[in-house]
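This is run28.csv (CSV, C-alpha atoms).
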chain,number,residue,atom,x,y,z
M,1,MET,CA,14.5,-14.3,18.1
M,2,ARG,CA,12.0,-11.6,18.8
M,3,VAL,CA,10.8,-10.3,15.5
M,4,LEU,CA,8.6,-7.3,14.8
M,5,ILE,CA,6.9,-7.3,11.4
M,6,ALA,CA,5.3,-3.9,10.4
M,7,LEU,CA,3.0,-3.2,7.5
M,8,THR,CA,0.0,-1.0,6.8
M,9,TYR,CA,-2.6,-3.7,6.2
M,10,TYR,CA,-2.8,-7.2,7.6
M,11,ARG,CA,-5.5,-9.8,7.7
M,12,PRO,CA,-8.4,-9.7,7.2
M,13,HIS,CA,-7.4,-7.3,4.4
M,14,ILE,CA,-6.5,-9.4,1.4
M,15,SER,CA,-3.7,-8.6,-1.0
M,16,GLY,CA,-0.5,-10.3,-2.1
M,17,LEU,CA,1.4,-8.2,0.5
M,18,THR,CA,-0.8,-9.2,3.4
M,19,ILE,CA,-0.7,-12.9,2.4
M,20,TYR,CA,3.1,-12.8,2.2
M,21,ALA,CA,3.4,-11.1,5.6
M,22,GLU,CA,1.0,-13.6,7.2
M,23,ARG,CA,2.8,-16.6,5.8
M,24,LEU,CA,6.2,-15.2,7.0
M,25,ALA,CA,4.9,-14.3,10.5
M,26,ARG,CA,3.1,-17.7,10.9
M,27,GLY,CA,6.1,-19.6,9.5
M,28,LEU,CA,8.6,-17.9,11.8
M,29,ALA,CA,6.3,-18.4,14.8
M,30,ALA,CA,6.0,-22.1,14.0
M,31,ARG,CA,9.8,-22.3,14.0
M,32,GLY,CA,9.9,-21.0,17.6
M,33,HIS,CA,10.4,-17.3,17.2
M,34,GLU,CA,8.4,-14.7,19.0
M,35,VAL,CA,6.6,-12.7,16.3
M,36,THR,CA,4.6,-9.5,16.6
M,37,VAL,CA,2.8,-7.8,13.7
M,38,LEU,CA,2.3,-4.0,14.0
M,39,THR,CA,-0.4,-2.8,11.6
M,40,SER,CA,-3.4,-0.5,11.3
M,41,ARG,CA,-6.8,-1.0,12.8
M,42,PHE,CA,-8.3,-0.1,9.4
M,43,ALA,CA,-11.8,-1.4,10.3
M,44,PRO,CA,-13.2,-0.4,13.7
M,45,ALA,CA,-14.6,-3.9,14.4
M,46,LEU,CA,-11.1,-5.4,14.4
M,47,PRO,CA,-9.6,-6.1,17.8
M,48,ALA,CA,-6.9,-3.8,19.0
M,49,ARG,CA,-4.8,-6.8,19.9
M,50,GLU,CA,-5.1,-10.5,19.3
M,51,VAL,CA,-3.1,-13.7,18.9
M,52,VAL,CA,-3.6,-15.8,15.8
M,53,ASP,CA,-1.4,-18.9,15.0
M,54,ALA,CA,1.0,-17.9,17.8
M,55,VAL,CA,1.5,-14.4,16.2
M,56,THR,CA,0.6,-11.4,18.3
M,57,ILE,CA,-1.2,-8.7,16.2
M,58,VAL,CA,-1.2,-5.1,17.4
M,59,ARG,CA,-3.5,-2.7,15.5
M,60,VAL,CA,-3.1,1.0,15.7
M,61,PRO,CA,-6.2,3.2,15.5
M,62,ILE,CA,-6.6,5.3,12.4
M,63,VAL,CA,-8.3,8.7,12.0
M,64,THR,CA,-8.7,8.6,8.2
M,65,LYS,CA,-7.6,7.0,5.0
M,66,VAL,CA,-5.5,8.8,2.4
M,67,SER,CA,-5.4,7.1,-1.1
M,68,LYS,CA,-4.2,3.6,-0.2
M,69,GLY,CA,-2.7,4.6,3.1
M,70,VAL,CA,-4.0,5.5,6.6
M,71,ILE,CA,-3.3,8.2,9.1
M,72,MET,CA,-2.4,6.9,12.6
M,73,PRO,CA,-1.3,9.7,15.0
M,74,ALA,CA,-0.6,7.2,17.7
M,75,PHE,CA,1.7,5.1,15.5
M,76,PRO,CA,5.0,6.6,16.8
M,77,ALA,CA,4.2,5.7,20.4
M,78,TYR,CA,3.2,2.1,19.5
M,79,ALA,CA,6.2,1.7,17.3
M,80,ALA,CA,8.7,3.0,19.8
M,81,ALA,CA,7.4,0.7,22.5
M,82,LEU,CA,7.4,-2.4,20.3
M,83,VAL,CA,10.8,-1.8,18.7
M,84,ARG,CA,12.4,-1.8,22.1
M,85,ARG,CA,10.9,-5.2,22.9
M,86,HIS,CA,12.2,-6.9,19.7
M,87,GLU,CA,15.6,-7.8,18.3
M,88,VAL,CA,14.7,-7.4,14.6
M,89,VAL,CA,12.4,-5.0,12.9
M,90,ASN,CA,11.1,-6.2,9.5
M,91,ILE,CA,9.4,-3.4,7.6
M,92,HIS,CA,7.2,-4.2,4.6
M,93,VAL,CA,7.3,-1.4,2.1
M,94,PRO,CA,5.7,0.6,0.5
M,95,GLN,CA,4.6,2.0,3.8
M,96,LEU,CA,4.2,5.6,5.0
M,97,GLU,CA,5.8,4.8,8.3
M,98,ALA,CA,8.9,3.0,6.9
M,99,ALA,CA,11.4,5.7,7.6
M,100,LEU,CA,10.1,6.2,11.2
M,101,LEU,CA,10.3,2.5,11.9
M,102,ALA,CA,13.8,2.1,10.4
M,103,GLY,CA,15.1,5.1,12.4
M,104,LEU,CA,13.6,3.9,15.6
M,105,GLY,CA,15.1,0.5,15.0
M,106,ARG,CA,18.6,1.8,14.5
M,107,LEU,CA,18.4,4.2,17.4
M,108,ALA,CA,17.4,1.3,19.6
M,109,GLY,CA,20.3,-0.8,18.3
M,110,ARG,CA,18.0,-3.3,16.6
M,111,GLY,CA,18.5,-5.1,13.3
M,112,VAL,CA,16.4,-3.4,10.6
M,113,VAL,CA,15.4,-5.3,7.4
M,114,LEU,CA,13.1,-3.9,4.7
M,115,THR,CA,11.0,-6.3,2.7
M,116,TYR,CA,10.6,-4.4,-0.6
M,117,HIS,CA,7.5,-5.6,-2.3
M,118,CYS,CA,7.3,-3.2,-5.2
M,119,ASP,CA,8.0,0.3,-6.5
M,120,LEU,CA,5.3,2.8,-5.5
M,121,ARG,CA,2.9,3.7,-8.3
M,122,LEU,CA,-0.4,5.1,-7.1
M,123,PRO,CA,-3.5,5.6,-9.3
M,124,GLY,CA,-3.7,8.7,-11.4
M,125,GLY,CA,-4.6,12.1,-10.1
M,126,TRP,CA,-2.7,15.2,-8.8
M,127,PHE,CA,-3.2,14.1,-5.1
M,128,ASN,CA,-1.6,10.7,-5.6
M,129,ARG,CA,1.3,12.3,-7.5
M,130,LEU,CA,1.8,14.6,-4.5
M,131,VAL,CA,1.7,11.6,-2.2
M,132,GLU,CA,4.3,9.7,-4.3
M,133,ARG,CA,6.7,12.7,-4.3
M,134,ASN,CA,6.5,13.0,-0.5
M,135,LEU,CA,6.8,9.3,0.1
M,136,SER,CA,9.8,8.7,-2.2
M,137,PRO,CA,12.4,10.5,0.1
M,138,LEU,CA,11.0,8.7,3.1
M,139,ASN,CA,11.4,5.3,1.4
M,140,ALA,CA,14.9,6.3,0.4
M,141,LEU,CA,15.7,7.2,4.0
M,142,ALA,CA,14.4,3.9,5.2
M,143,ALA,CA,16.5,2.0,2.7
M,144,ARG,CA,19.6,4.0,3.7
M,145,VAL,CA,19.0,3.2,7.4
M,146,ALA,CA,18.2,-0.5,7.0
M,147,HIS,CA,20.9,-3.1,7.4
M,148,ALA,CA,19.4,-5.2,4.6
M,149,ILE,CA,16.7,-5.2,1.9
M,150,VAL,CA,14.8,-8.4,0.9
M,151,VAL,CA,13.5,-8.5,-2.7
M,152,ASN,CA,11.5,-11.3,-4.3
M,153,THR,CA,13.8,-11.9,-7.2
M,154,ALA,CA,17.1,-10.6,-8.5
M,155,ASP,CA,15.3,-10.0,-11.8
M,156,TYR,CA,13.1,-7.4,-10.2
M,157,ALA,CA,15.9,-5.8,-8.3
M,158,GLU,CA,17.9,-5.4,-11.5
M,159,HIS,CA,15.1,-3.4,-13.1
M,160,SER,CA,13.9,-1.2,-10.2
M,161,PRO,CA,15.3,2.3,-10.4
M,162,PHE,CA,14.8,2.6,-6.6
M,163,LEU,CA,16.7,-0.6,-5.7
M,164,ALA,CA,19.6,0.2,-8.0
M,165,ARG,CA,20.9,2.6,-5.4
M,166,TYR,CA,21.2,-0.1,-2.7
M,167,ARG,CA,22.7,-3.1,-4.5
M,168,ASP,CA,25.0,-3.9,-1.6
M,169,LYS,CA,22.1,-4.4,0.7
M,170,LEU,CA,19.9,-6.6,-1.5
M,171,HIS,CA,19.0,-10.2,-0.6
M,172,PRO,CA,16.7,-12.0,-3.1
M,173,ILE,CA,14.4,-14.4,-1.2
M,174,LEU,CA,11.5,-16.0,-3.0
M,175,PRO,CA,8.1,-15.3,-1.4
M,176,PRO,CA,6.9,-17.8,1.3
M,177,ILE,CA,4.5,-20.1,-0.6
M,178,ASP,CA,2.3,-22.2,1.7
M,179,PHE,CA,-0.4,-23.7,-0.5
M,180,PRO,CA,-2.1,-27.0,0.1
M,181,SER,CA,-3.4,-29.4,-2.6
M,182,PRO,CA,-7.0,-29.0,-3.6
M,183,SER,CA,-9.6,-30.7,-1.5
M,184,ASP,CA,-11.8,-33.1,-3.4
M,185,ALA,CA,-14.8,-32.3,-1.2
M,186,VAL,CA,-14.4,-28.5,-1.6
M,187,THR,CA,-13.9,-28.9,-5.3
M,188,ARG,CA,-17.1,-30.9,-5.7
M,189,ARG,CA,-19.0,-28.3,-3.6
M,190,LEU,CA,-17.8,-25.5,-5.7
M,191,VAL,CA,-18.6,-27.3,-8.9
M,192,THR,CA,-22.2,-27.7,-7.6
M,193,THR,CA,-22.4,-24.2,-6.2
M,194,TRP,CA,-21.1,-22.5,-9.4
M,195,LYS,CA,-23.0,-24.8,-11.7
M,196,LEU,CA,-19.9,-25.4,-13.7
M,197,ASP,CA,-20.2,-27.1,-17.0
M,198,GLY,CA,-17.6,-28.0,-19.7
M,199,SER,CA,-16.8,-24.4,-20.7
M,200,ALA,CA,-13.3,-23.2,-20.9
M,201,ARG,CA,-12.5,-21.4,-17.6
M,202,ILE,CA,-10.1,-18.5,-17.4
M,203,GLY,CA,-9.2,-17.5,-13.8
M,204,PHE,CA,-8.3,-14.1,-12.5
M,205,ALA,CA,-7.4,-13.7,-8.8
M,206,ALA,CA,-6.5,-10.2,-7.7
M,207,ARG,CA,-7.9,-6.9,-6.5
M,208,PHE,CA,-9.4,-4.7,-9.2
M,209,ALA,CA,-6.6,-2.2,-9.1
M,210,ALA,CA,-5.3,-0.1,-12.0
M,211,GLU,CA,-1.9,-1.8,-12.0
M,212,LYS,CA,-3.5,-5.3,-12.4
M,213,GLY,CA,-4.6,-4.6,-16.0
M,214,VAL,CA,-8.0,-6.2,-15.9
M,215,GLU,CA,-9.1,-4.2,-18.9
M,216,TYR,CA,-6.6,-6.0,-21.1
M,217,LEU,CA,-8.1,-9.3,-20.2
M,218,LEU,CA,-11.5,-8.0,-21.1
M,219,ARG,CA,-10.3,-6.6,-24.4
M,220,ALA,CA,-8.7,-10.0,-25.2
M,221,LEU,CA,-11.9,-11.8,-24.5
M,222,PRO,CA,-13.6,-11.4,-28.0
M,223,ARG,CA,-10.7,-13.2,-29.7
M,224,VAL,CA,-10.7,-15.9,-27.1
M,225,LEU,CA,-14.4,-16.4,-27.6
M,226,ALA,CA,-13.9,-16.7,-31.3
M,227,ALA,CA,-11.7,-19.8,-30.7
M,228,HIS,CA,-13.6,-21.0,-27.6
M,229,PRO,CA,-17.2,-19.8,-27.7
M,230,SER,CA,-18.1,-21.3,-24.3
M,231,ALA,CA,-15.2,-19.6,-22.4
M,232,ARG,CA,-15.9,-17.7,-19.2
M,233,VAL,CA,-13.7,-15.6,-16.9
M,234,PHE,CA,-14.0,-16.3,-13.2
M,235,PHE,CA,-12.9,-13.5,-10.9
M,236,THR,CA,-12.0,-13.8,-7.3
M,237,GLY,CA,-10.8,-10.9,-5.2
M,238,ALA,CA,-11.9,-7.5,-4.0
M,239,TYR,CA,-13.5,-6.1,-7.2
M,240,LYS,CA,-15.8,-3.5,-5.6
M,241,ASP,CA,-14.8,-0.8,-3.1
M,242,THR,CA,-11.1,-1.5,-3.5
M,243,VAL,CA,-9.2,1.0,-1.4
M,244,GLY,CA,-8.0,3.9,-3.6
M,245,GLU,CA,-9.5,2.4,-6.8
M,246,GLU,CA,-13.0,3.9,-7.1
M,247,GLU,CA,-12.1,5.8,-10.3
M,248,TYR,CA,-10.6,2.7,-11.9
M,249,TRP,CA,-13.8,0.7,-11.1
M,250,HIS,CA,-15.9,3.3,-13.0
M,251,ARG,CA,-13.5,3.2,-16.0
M,252,LEU,CA,-14.0,-0.6,-16.1
M,253,ALA,CA,-17.7,-0.5,-16.0
M,254,PRO,CA,-18.4,-0.3,-19.7
M,255,LEU,CA,-16.2,-3.2,-20.5
M,256,LEU,CA,-17.7,-5.3,-17.7
M,257,ALA,CA,-21.2,-4.5,-18.9
M,258,GLN,CA,-20.1,-5.4,-22.5
M,259,HIS,CA,-19.0,-8.9,-21.4
M,260,ARG,CA,-21.3,-9.5,-18.4
M,261,ASP,CA,-22.7,-12.7,-19.8
M,262,ARG,CA,-19.1,-14.2,-19.9
M,263,LEU,CA,-18.0,-13.1,-16.5
M,264,THR,CA,-18.5,-14.7,-13.1
M,265,PHE,CA,-17.7,-12.8,-9.9
M,266,LEU,CA,-17.0,-15.1,-6.9
M,267,ASP,CA,-16.1,-12.3,-4.5
M,268,LEU,CA,-13.5,-13.2,-1.9
M,269,LEU,CA,-13.1,-16.9,-1.4
M,270,ARG,CA,-12.0,-18.5,1.8
M,271,PRO,CA,-8.3,-19.6,2.0
M,272,GLU,CA,-9.4,-23.3,2.0
M,273,GLU,CA,-11.3,-22.7,-1.3
M,274,MET,CA,-8.5,-21.1,-3.2
M,275,PRO,CA,-6.7,-24.4,-4.2
M,276,SER,CA,-10.0,-25.7,-5.6
M,277,PHE,CA,-10.6,-22.4,-7.4
M,278,PHE,CA,-7.3,-22.6,-9.2
M,279,SER,CA,-7.7,-26.3,-10.0
M,280,LEU,CA,-11.1,-25.7,-11.6
M,281,CYS,CA,-9.5,-23.1,-13.9
M,282,ASP,CA,-8.0,-24.2,-17.2
M,283,VAL,CA,-5.6,-21.2,-17.2
M,284,VAL,CA,-5.0,-18.2,-14.9
M,285,ALA,CA,-4.3,-14.8,-16.3
M,286,VAL,CA,-1.8,-12.4,-14.6
M,287,THR,CA,-2.1,-9.1,-16.6
M,288,SER,CA,-0.1,-6.7,-14.4
M,289,LEU,CA,1.2,-3.6,-16.1
M,290,ASN,CA,4.2,-2.2,-14.2
M,291,LEU,CA,6.7,-2.5,-11.4
M,292,THR,CA,4.0,-2.3,-8.7
M,293,GLU,CA,3.8,-6.1,-9.2
M,294,SER,CA,7.1,-7.8,-8.3
M,295,PHE,CA,6.2,-11.4,-8.4
M,296,GLY,CA,2.5,-12.4,-8.3
M,297,LEU,CA,1.9,-15.1,-5.7
M,298,VAL,CA,-1.2,-16.3,-7.5
M,299,GLN,CA,1.0,-17.7,-10.2
M,300,ALA,CA,2.8,-20.1,-7.9
M,301,GLU,CA,-0.5,-21.0,-6.2
M,302,ALA,CA,-2.2,-21.8,-9.5
M,303,MET,CA,0.7,-23.9,-10.7
M,304,LEU,CA,0.7,-25.9,-7.4
M,305,ALA,CA,-3.0,-26.6,-8.1
M,306,GLY,CA,-2.1,-27.9,-11.5
M,307,THR,CA,-3.1,-24.9,-13.6
M,308,PRO,CA,-0.9,-23.1,-16.1
M,309,VAL,CA,-0.5,-19.3,-16.3
M,310,VAL,CA,-0.3,-16.6,-18.9
M,311,ALA,CA,1.7,-13.7,-17.3
M,312,THR,CA,3.0,-10.4,-18.5
M,313,ASP,CA,6.6,-9.9,-19.3
M,314,LEU,CA,7.6,-7.8,-16.3
M,315,PRO,CA,10.6,-8.1,-14.1
M,316,GLY,CA,9.9,-10.6,-11.3
M,317,VAL,CA,6.4,-11.4,-12.7
M,318,ARG,CA,7.9,-13.5,-15.5
M,319,GLU,CA,10.0,-15.6,-13.0
M,320,ALA,CA,7.3,-18.1,-12.1
M,321,VAL,CA,6.8,-19.2,-15.7
M,322,ARG,CA,10.5,-19.0,-16.4
M,323,ARG,CA,11.4,-21.3,-13.5
M,324,THR,CA,8.6,-23.9,-14.1
M,325,GLY,CA,7.8,-23.7,-17.8
M,326,MET,CA,4.2,-23.9,-16.7
M,327,GLY,CA,2.7,-21.3,-19.0
M,328,LEU,CA,3.4,-18.4,-21.4
M,329,ILE,CA,4.8,-14.9,-21.1
M,330,VAL,CA,3.3,-12.0,-23.1
M,331,PRO,CA,4.0,-8.3,-23.4
M,332,PRO,CA,2.0,-6.1,-21.0
M,333,ARG,CA,-0.9,-3.9,-22.4
M,334,ASP,CA,-1.2,-6.2,-25.4
M,335,PRO,CA,-4.7,-7.8,-25.6
M,336,GLU,CA,-3.9,-9.5,-29.0
M,337,ALA,CA,-0.8,-11.3,-27.6
M,338,LEU,CA,-2.7,-12.1,-24.4
M,339,ALA,CA,-5.6,-13.6,-26.4
M,340,ALA,CA,-3.2,-15.7,-28.5
M,341,ALA,CA,-1.4,-17.1,-25.5
M,342,LEU,CA,-4.7,-17.9,-23.7
M,343,ILE,CA,-5.9,-19.8,-26.8
M,344,GLU,CA,-2.6,-21.6,-27.0
M,345,VAL,CA,-2.8,-22.8,-23.4
M,346,LEU,CA,-6.5,-23.8,-23.7
M,347,ASP,CA,-5.7,-25.7,-26.9
M,348,ARG,CA,-2.7,-27.5,-25.6
M,349,ARG,CA,-3.1,-27.4,-21.9
M,350,ALA,CA,-1.4,-30.7,-21.1
M,351,ALA,CA,1.8,-29.4,-22.6
M,352,TYR,CA,2.0,-26.7,-20.0
M,353,VAL,CA,1.1,-28.7,-16.9
M,354,LYS,CA,4.0,-29.9,-14.6
M,355,PRO,CA,3.9,-32.2,-11.6
M,356,ARG,CA,3.2,-30.6,-8.3
M,357,ALA,CA,6.4,-31.9,-6.8
M,358,ALA,CA,8.4,-30.1,-9.5
M,359,VAL,CA,6.6,-26.8,-8.9
M,360,ALA,CA,7.0,-27.2,-5.1
M,361,ALA,CA,10.7,-27.6,-5.5
M,362,CYS,CA,10.8,-24.2,-7.2
M,363,PHE,CA,8.8,-22.5,-4.4
M,364,ASP,CA,9.9,-24.1,-1.2
M,365,LEU,CA,8.4,-22.5,2.0
M,366,GLU,CA,11.1,-23.8,4.3
M,367,ASN,CA,13.9,-22.5,2.2
M,368,SER,CA,12.3,-19.0,2.2
M,369,LEU,CA,11.9,-19.1,6.0
M,370,ARG,CA,15.5,-20.4,6.5
M,371,SER,CA,16.8,-17.5,4.4
M,372,TYR,CA,14.9,-15.0,6.5
M,373,GLU,CA,16.1,-16.6,9.7
M,374,ALA,CA,19.7,-16.5,8.5
M,375,LEU,CA,19.4,-12.8,7.5
M,376,PHE,CA,17.7,-11.8,10.7
M,377,ALA,CA,20.4,-13.6,12.7
M,378,ARG,CA,23.0,-11.7,10.9
M,379,VAL,CA,21.5,-8.2,11.4
M,380,ARG,CA,20.4,-9.0,14.9
M,381,GLN,CA,24.0,-8.6,16.1
M,382,PRO,CA,23.9,-4.8,16.8
M,383,ALA,CA,21.1,-5.5,19.2
M,384,LEU,CA,23.1,-7.8,21.4
M,385,THR,CA,24.8,-4.9,23.3
M,386,ALA,CA,21.7,-2.8,23.4
M,387,GLU,CA,19.3,-2.4,26.3
M,388,PRO,CA,17.7,-5.8,26.9
M,389,ALA,CA,14.3,-6.3,25.3
M,390,ARG,CA,11.4,-6.1,27.7
M,391,SER,CA,9.2,-9.2,28.1

Represent the structure of the file as structure tokens.
Amino acid sequence: MRVLIALTYYRPHISGLTIYAERLARGLAARGHEVTVLTSRFAPALPAREVVDAVTIVRVPIVTKVSKGVIMPAFPAYAAALVRRHEVVNIHVPQLEAALLAGLGRLAGRGVVLTYHCDLRLPGGWFNRLVERNLSPLNALAARVAHAIVVNTADYAEHSPFLARYRDKLHPILPPIDFPSPSDAVTRRLVTTWKLDGSARIGFAARFAAEKGVEYLLRALPRVLAAHPSARVFFTGAYKDTVGEEEYWHRLAPLLAQHRDRLTFLDLLRPEEMPSFFSLCDVVAVTSLNLTESFGLVQAEAMLAGTPVVATDLPGVREAVRRTGMGLIVPPRDPEALAAALIEVLDRRAAYVKPRAAVAACFDLENSLRSYEALFARVRQPALTAEPARS
């Protein structure tokens, strides 16, 4: 099949959405499909077109950024040309251009599949509220036009006000998880580089964005330190200059300063370092606050590296712990409950660790790719009588 995958940001931008899309694109290409990614050229140094892991990446020039989105006047022309050359259009939302892409796909007789990552909740402020009000009807139009909508879990779909309107189109497919075992050599190097000792290590792997709830982990830290005085929090991810999160960074500053002697910032680690990062943590915290988080890939990755998780009790987010038993679930926005759960896992860590094979059976990459293939093959049918795709 010829598959077009469209999303606002792609590698080298790092987020759960971009990692998901990259794994899907790379996995489908490895299975013999012709895959093109249509995305923004959010940094001028990025090539306009390149091929990585047999995936063709086409980047549209931007003129400016608006909140977490970008403005791309040339996007309609790029999209129209690429939609005609592919049999299936897979649109990852939230995305400003979702309705346009879905409409172009249906007009061209192509199969249209939305991958719905989360409900849209932008940071505070009148401008972001205005953006949300304008994007909501566009997302609704894209959903009405699409042949099918992929969601990470049925649990999330059942609790999303947006998805409740499209139950007949929903297809739960677990995210594509492609995560190797930790490398002993990399792990030893990181231990030396970070000068790790016997202290308790709490991992946090995410962008510093308002919906990630970093402040609740920081507020839980005093109680954790009372039980484990040597504990440290190790952060990896984009914590400075996160797109659309400048105000949130300033709000966090006092808490970060208060606990600076117990925080280690590792910035963005390379993909090959992430398994070792998770394996070196005693527990990983996922403190998301609302439906902008629908699963949390880092949970499955931490578990595959042998590390239990404490996650908030949100639809979809709680699924990794529920399926594996490898951790605890706590209410969101509750630093006391979070602290108690972190202490419990640190005290009785062995009770929460499961064999890698058992975790891998829960998050099977090939099963996710096969599910996508079957869905794409089904919706591809309207394209068979359409104008032949151009090579």

Non-local contacts of region 17-25 of chain M (7 Å; all atoms listed in the file; under 2 positions in same chain excluded) as a count of residues only: 15

Contacts of Leu4 (chain M) within 7 Å, all atoms listed in the file, excl. fewer than 5 positions in-chain, as a list in words: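 Counting all atoms listed in the file, the residues come to Val35, Thr36, Val37, His86, Val88, Val89 and Asn90 of chain M.
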
For Asp364 (chain M), which residue among M:Phe265, M:Phe75, M:Phe179, M:Phe208 is the nearest when counting all atoms listed in the file?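 Smallest separation from Asp364 (chain M) among the options: M:Phe179.
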
What's the 8 Å shell around Tyr248 (chain M), counting all atoms listed in the file, without same-chain residues fewer than 3 positions away, as a PyMOL selection string? chain M and resi 208-210+245+251-252

In terms of all atoms listed in the file, the residue from M:Arg2, M:Arg110, M:Arg322, M:Arg59 at minimal distance from Ala43 (chain M) is M:Arg59
